[in-house]
file structure28.pdb (PDB, C-alpha atoms)
ATOM      1  CA  MET A1425      11.308  13.634  12.785
ATOM      2  CA  ALA A1426      10.813  17.388  13.146
ATOM      3  CA  ARG A1427      13.316  19.417  11.219
ATOM      4  CA  ASN A1428      14.442  22.851  12.233
ATOM      5  CA  ILE A1429      14.232  25.013   9.104
ATOM      6  CA  ARG A1430      14.923  28.720   9.146
ATOM      7  CA  SER A1431      13.523  30.977   6.479
ATOM      8  CA  ARG A1432      15.474  33.941   5.203
ATOM      9  CA  ASN A1433      12.257  35.728   4.319
ATOM     10  CA  LYS A1434      10.293  37.185   7.256
ATOM     11  CA  THR A1435       7.009  37.810   5.389
ATOM     12  CA  VAL A1436       3.936  35.809   6.360
ATOM     13  CA  PRO A1437       2.866  33.545   3.467
ATOM     14  CA  LEU A1438      -0.762  33.879   2.388
ATOM     15  CA  ASN A1439      -1.016  30.616   0.440
ATOM     16  CA  PHE A1440       0.818  27.389  -0.184
ATOM     17  CA  LYS A1441       2.754  28.737  -3.173
ATOM     18  CA  SER A1442       4.117  31.675  -1.157
ATOM     19  CA  LEU A1443       4.935  29.332   1.734
ATOM     20  CA  LYS A1444       7.023  27.146  -0.593
ATOM     21  CA  LYS A1445       8.753  30.211  -2.024
ATOM     22  CA  LYS A1446       9.546  31.498   1.468
ATOM     23  CA  TYR A1447      11.408  28.260   2.166
ATOM     24  CA  ASP A1448      13.238  28.158  -1.182
ATOM     25  CA  ASP A1449      10.814  25.679  -2.775
ATOM     26  CA  ILE A1450      11.913  22.734  -0.639
ATOM     27  CA  PRO A1451       9.690  19.653  -1.069
ATOM     28  CA  SER A1452       6.309  19.801   0.648
ATOM     29  CA  HIS A1453       6.857  16.633   2.644
ATOM     30  CA  PHE A1454      10.067  18.124   4.071
ATOM     31  CA  LEU A1455       8.295  21.370   4.996
ATOM     32  CA  PHE A1456       5.718  19.504   7.064
ATOM     33  CA  SER A1457       8.001  16.806   8.534
ATOM     34  CA  ILE A1458       6.373  14.010   6.578
ATOM     35  CA  GLU A1459       8.397  10.949   5.532
ATOM     36  CA  ASP A1460      10.011  10.963   2.103
ATOM     37  CA  PRO A1461       7.682   9.618  -0.582
ATOM     38  CA  LEU A1462       8.283   6.093  -1.784
ATOM     39  CA  ASP A1463       9.661   5.620  -5.288
ATOM     40  CA  TYR A1464       7.208   4.683  -8.005
ATOM     41  CA  GLN A1465       6.289   1.021  -7.791
ATOM     42  CA  CYS A1466       5.578   0.452 -11.483
ATOM     43  CA  PRO A1467       9.081  -0.917 -12.221
ATOM     44  CA  SER A1468       8.647  -3.559  -9.501
ATOM     45  CA  ILE A1469       5.237  -4.537 -10.804
ATOM     46  CA  ASP A1470       6.560  -4.572 -14.382
ATOM     47  CA  GLU A1471       9.362  -6.892 -13.251
ATOM     48  CA  TYR A1472       6.832  -9.345 -11.772
ATOM     49  CA  ILE A1473       4.686  -9.199 -14.909
ATOM     50  CA  GLU A1474       7.746  -9.816 -17.098
ATOM     51  CA  LYS A1475       8.717 -12.867 -15.021
ATOM     52  CA  ILE A1476       5.197 -14.277 -15.244
ATOM     53  CA  GLN A1477       4.999 -13.674 -19.009
ATOM     54  CA  ASN A1478       8.407 -15.298 -19.499
ATOM     55  CA  CYS A1479       7.281 -18.312 -17.494
ATOM     56  CA  LYS A1480       4.070 -18.593 -19.532
ATOM     57  CA  SER A1481       6.061 -18.432 -22.762
ATOM     58  CA  LEU A1482       8.501 -21.110 -21.608
ATOM     59  CA  LEU A1483       5.680 -23.398 -20.484
ATOM     60  CA  LYS A1484       3.883 -22.933 -23.806
ATOM     61  CA  GLU A1485       7.092 -23.811 -25.656
ATOM     62  CA  ALA A1486       7.558 -26.840 -23.400
ATOM     63  CA  PHE A1487       4.003 -27.985 -24.032
ATOM     64  CA  GLU A1488       4.453 -27.645 -27.798
ATOM     65  CA  SER A1489       7.875 -29.318 -27.871
ATOM     66  CA  LYS A1490       8.164 -32.840 -29.223
ATOM     67  CA  ASN A1491      11.654 -33.329 -27.791
ATOM     68  CA  GLU A1492      11.583 -34.553 -24.189
ATOM     69  CA  GLU A1493      14.956 -32.982 -23.347
ATOM     70  CA  THR A1494      13.859 -29.583 -24.698
ATOM     71  CA  LYS A1495      10.538 -29.901 -22.884
ATOM     72  CA  ASN A1496      12.285 -30.579 -19.543
ATOM     73  CA  ALA A1497      14.745 -27.701 -20.084
ATOM     74  CA  LYS A1498      11.873 -25.269 -20.791
ATOM     75  CA  ILE A1499       9.983 -26.393 -17.707
ATOM     76  CA  LEU A1500      13.102 -26.028 -15.557
ATOM     77  CA  ASN A1501      13.758 -22.535 -16.974
ATOM     78  CA  ALA A1502      10.129 -21.565 -16.308
ATOM     79  CA  PHE A1503      10.447 -22.757 -12.724
ATOM     80  CA  PHE A1504      13.650 -20.780 -12.115
ATOM     81  CA  SER A1505      12.245 -17.650 -13.759
ATOM     82  CA  ILE A1506       9.543 -17.392 -11.081
ATOM     83  CA  HIS A1507      10.743 -19.604  -8.241
ATOM     84  CA  ASN A1508      11.073 -16.689  -5.791
ATOM     85  CA  ILE A1509       8.324 -14.414  -7.060
ATOM     86  CA  ASP A1510       5.942 -15.227  -4.212
ATOM     87  CA  ASN A1511       8.507 -14.172  -1.593
ATOM     88  CA  ASP A1512       9.372 -11.017  -3.530
ATOM     89  CA  LEU A1513       5.721 -10.103  -3.912
ATOM     90  CA  ASP A1514       4.938 -10.871  -0.312
ATOM     91  CA  GLU A1515       7.882  -9.127   1.354
ATOM     92  CA  LYS A1516       8.749  -6.223  -0.933
ATOM     93  CA  THR A1517       5.258  -5.352  -2.053
ATOM     94  CA  ARG A1518       3.746  -5.594   1.413
ATOM     95  CA  ALA A1519       6.485  -3.373   2.884
ATOM     96  CA  ASN A1520       6.029  -0.816   0.118
ATOM     97  CA  PHE A1521       2.252  -0.741   0.505
ATOM     98  CA  ILE A1522       2.686  -0.149   4.235
ATOM     99  CA  LYS A1523       5.044   2.763   3.481
ATOM    100  CA  ILE A1524       2.598   4.218   0.957
ATOM    101  CA  ARG A1525      -0.257   3.923   3.456
ATOM    102  CA  ASP A1526       1.826   5.575   6.213
ATOM    103  CA  TYR A1527       2.826   8.387   3.857
ATOM    104  CA  ALA A1528      -0.798   9.012   2.858
ATOM    105  CA  SER A1529      -1.909   8.873   6.515
ATOM    106  CA  GLN A1530       0.574  11.591   7.440
ATOM    107  CA  TRP A1531      -0.792  13.873   4.707
ATOM    108  CA  LYS A1532      -4.362  13.065   5.734
ATOM    109  CA  LYS A1533      -3.614  13.969   9.357
ATOM    110  CA  LEU A1534      -2.072  17.279   8.254
ATOM    111  CA  ALA A1535      -5.079  18.022   6.033
ATOM    112  CA  ILE A1536      -7.544  17.256   8.843
ATOM    113  CA  ASP A1537      -5.579  19.447  11.259
ATOM    114  CA  CYS A1538      -5.630  22.308   8.738
ATOM    115  CA  ILE A1539      -9.348  21.892   8.057
ATOM    116  CA  ASP A1540     -10.055  21.830  11.804
ATOM    117  CA  ARG A1541      -8.159  25.104  12.250
ATOM    118  CA  SER A1542      -9.709  26.809   9.219
ATOM    119  CA  GLY A1543     -12.810  27.986  11.040
ATOM    120  CA  ASN A1544     -14.926  26.906   8.082
ATOM    121  CA  PRO A1545     -14.400  23.175   7.442
ATOM    122  CA  GLU A1546     -17.485  22.979   5.249
ATOM    123  CA  LYS A1547     -15.750  24.961   2.483
ATOM    124  CA  TYR A1548     -13.576  21.883   1.856
ATOM    125  CA  VAL A1549     -16.506  19.527   1.326
ATOM    126  CA  LYS A1550     -16.528  18.184  -2.226
ATOM    127  CA  ILE A1551     -19.163  15.484  -2.480
ATOM    128  CA  ASN A1552     -19.833  13.990  -5.893
ATOM    129  CA  TRP A1553     -23.261  12.365  -5.735
ATOM    130  CA  ASP A1554     -23.039  10.910  -9.279
TER     131      ASP A1554
END
call {"tool": "encode", "arguments": {"input": "structure28.pdb", "output": "structure tokens"}}
result
Amino acid sequence: MARNIRSRNKTVPLNFKSLKKKYDDIPSHFLFSIEDPLDYQCPSIDEYIEKIQNCKSLLKEAFESKNEETKNAKILNAFFSIHNIDNDLDEKTRANFIKIRDYASQWKKLAIDCIDRSGNPEKYVKINWD
């Protein structure tokens, strides 16, 4: 996954900001050969919540309905609104969590390598005892 990037600027960067500037502000994950970050997962979660809320609403309407035909239609609609949600949650969500964990692990490994090479790893200790 290593990428061969050439800088036009030959100065040695003294901090992260100058390092980014040296390489034309390309994304950090690209600079360090870390996988692309995963898109935000909120829309997926919102979609699941919306399906569940819709199902609850349909079931409530079915429960309150006096008409047997309407009741059955509401129950059928509720079923179809969430019939595949368990597979979606299981497959998509699990795969995305694995990607998020891998992404975070790559950054953690880079951070540990940097701390190890710093010569003073204790300066990075930030323990909150509260």
call {"tool": "resolve_selection", "arguments": {"input": "structure28.pdb", "expression": "the PyMOL selection byres ((chain A and resi 1472) around 12)", "output": "PyMOL selection string"}}
result
chain A and resi 1465-1471+1473-1479+1505-1514+1516-1517
call {"tool": "closest_residue", "arguments": {"input": "structure28.pdb", "among": "A:Ile1536, A:Leu1462, A:Ile1450, A:Ala1502", "to": "A:Ile1524", "atoms": "all atoms listed in the file"}}
result
A:Leu1462
call {"tool": "closest_residue", "arguments": {"input": "structure28.pdb", "among": "A:Pro1545, A:Arg1525, A:Asn1520, A:Trp1531", "to": "A:Asp1463", "atoms": "only C-alpha atoms"}}
result
A:Asn1520
call {"tool": "resolve_selection", "arguments": {"input": "structure28.pdb", "expression": "the PyMOL selection byres ((chain A and resi 1453) around 12)", "output": "tab-separated table (two decimals) with C-alpha atoms, in the coordinates of the input"}}
result
chain	number	residue	atom	x	y	z
A	1425	MET	CA	11.31	13.63	12.78
A	1426	ALA	CA	10.81	17.39	13.15
A	1427	ARG	CA	13.32	19.42	11.22
A	1444	LYS	CA	7.02	27.15	-0.59
A	1449	ASP	CA	10.81	25.68	-2.78
A	1450	ILE	CA	11.91	22.73	-0.64
A	1451	PRO	CA	9.69	19.65	-1.07
A	1452	SER	CA	6.31	19.80	0.65
A	1454	PHE	CA	10.07	18.12	4.07
A	1455	LEU	CA	8.30	21.37	5.00
A	1456	PHE	CA	5.72	19.50	7.06
A	1457	SER	CA	8.00	16.81	8.53
A	1458	ILE	CA	6.37	14.01	6.58
A	1459	GLU	CA	8.40	10.95	5.53
A	1460	ASP	CA	10.01	10.96	2.10
A	1461	PRO	CA	7.68	9.62	-0.58
A	1462	LEU	CA	8.28	6.09	-1.78
A	1527	TYR	CA	2.83	8.39	3.86
A	1528	ALA	CA	-0.80	9.01	2.86
A	1530	GLN	CA	0.57	11.59	7.44
A	1531	TRP	CA	-0.79	13.87	4.71
A	1534	LEU	CA	-2.07	17.28	8.25
call {"tool": "axis_aligned_box", "arguments": {"input": "structure28.pdb", "around": "stretch 1514-1524 of chain A", "padding_each_side": "8 Å", "output": "JSON"}}
result
{"center_x": 5.5, "center_y": -3.3, "center_z": 1.1, "size_x": 22.5, "size_y": 31.1, "size_z": 22.3}
call {"tool": "atom_distance", "arguments": {"input": "structure28.pdb", "atom1": "atom CA of A:Ile1539", "atom2": "atom CA of A:Lys1441"}}
result
17.9 Å
call {"tool": "atom_distance", "arguments": {"input": "structure28.pdb", "atom1": "atom CA of A:Asn1439", "atom2": "atom CA of A:Ala1535"}}
result
14.4 Å
call {"tool": "build_atoms", "arguments": {"input": "structure28.pdb", "residues": "stretch 1493-1506 of chain A", "atoms": "N, CA and C atoms", "output": "CSV table (one decimal), keeping the file's coordinate frame"}}
result
chain,number,residue,atom,x,y,z
A,1493,GLU,N,13.9,-33.7,-24.0
A,1493,GLU,CA,15.0,-33.0,-23.3
A,1493,GLU,C,14.7,-31.5,-23.4
A,1494,THR,N,14.2,-31.0,-24.5
A,1494,THR,CA,13.9,-29.6,-24.7
A,1494,THR,C,12.7,-29.2,-23.8
A,1495,LYS,N,11.7,-30.1,-23.7
A,1495,LYS,CA,10.5,-29.9,-22.9
A,1495,LYS,C,11.0,-29.7,-21.4
A,1496,ASN,N,11.8,-30.6,-20.9
A,1496,ASN,CA,12.3,-30.6,-19.5
A,1496,ASN,C,13.1,-29.3,-19.3
A,1497,ALA,N,13.9,-28.9,-20.2
A,1497,ALA,CA,14.7,-27.7,-20.1
A,1497,ALA,C,13.8,-26.5,-20.0
A,1498,LYS,N,12.8,-26.4,-20.8
A,1498,LYS,CA,11.9,-25.3,-20.8
A,1498,LYS,C,11.1,-25.2,-19.5
A,1499,ILE,N,10.7,-26.3,-19.0
A,1499,ILE,CA,10.0,-26.4,-17.7
A,1499,ILE,C,10.9,-26.0,-16.6
A,1500,LEU,N,12.1,-26.4,-16.6
A,1500,LEU,CA,13.1,-26.0,-15.6
A,1500,LEU,C,13.4,-24.5,-15.6
A,1501,ASN,N,13.5,-24.0,-16.8
A,1501,ASN,CA,13.8,-22.5,-17.0
A,1501,ASN,C,12.5,-21.7,-16.5
A,1502,ALA,N,11.4,-22.2,-16.8
A,1502,ALA,CA,10.1,-21.6,-16.3
A,1502,ALA,C,10.1,-21.6,-14.8
A,1503,PHE,N,10.4,-22.7,-14.2
A,1503,PHE,CA,10.4,-22.8,-12.7
A,1503,PHE,C,11.4,-21.7,-12.1
A,1504,PHE,N,12.6,-21.7,-12.7
A,1504,PHE,CA,13.6,-20.8,-12.1
A,1504,PHE,C,13.3,-19.3,-12.4
A,1505,SER,N,12.6,-19.0,-13.5
A,1505,SER,CA,12.2,-17.6,-13.8
A,1505,SER,C,11.3,-17.1,-12.7
A,1506,ILE,N,10.5,-17.9,-12.1
A,1506,ILE,CA,9.5,-17.4,-11.1
A,1506,ILE,C,9.6,-18.0,-9.7
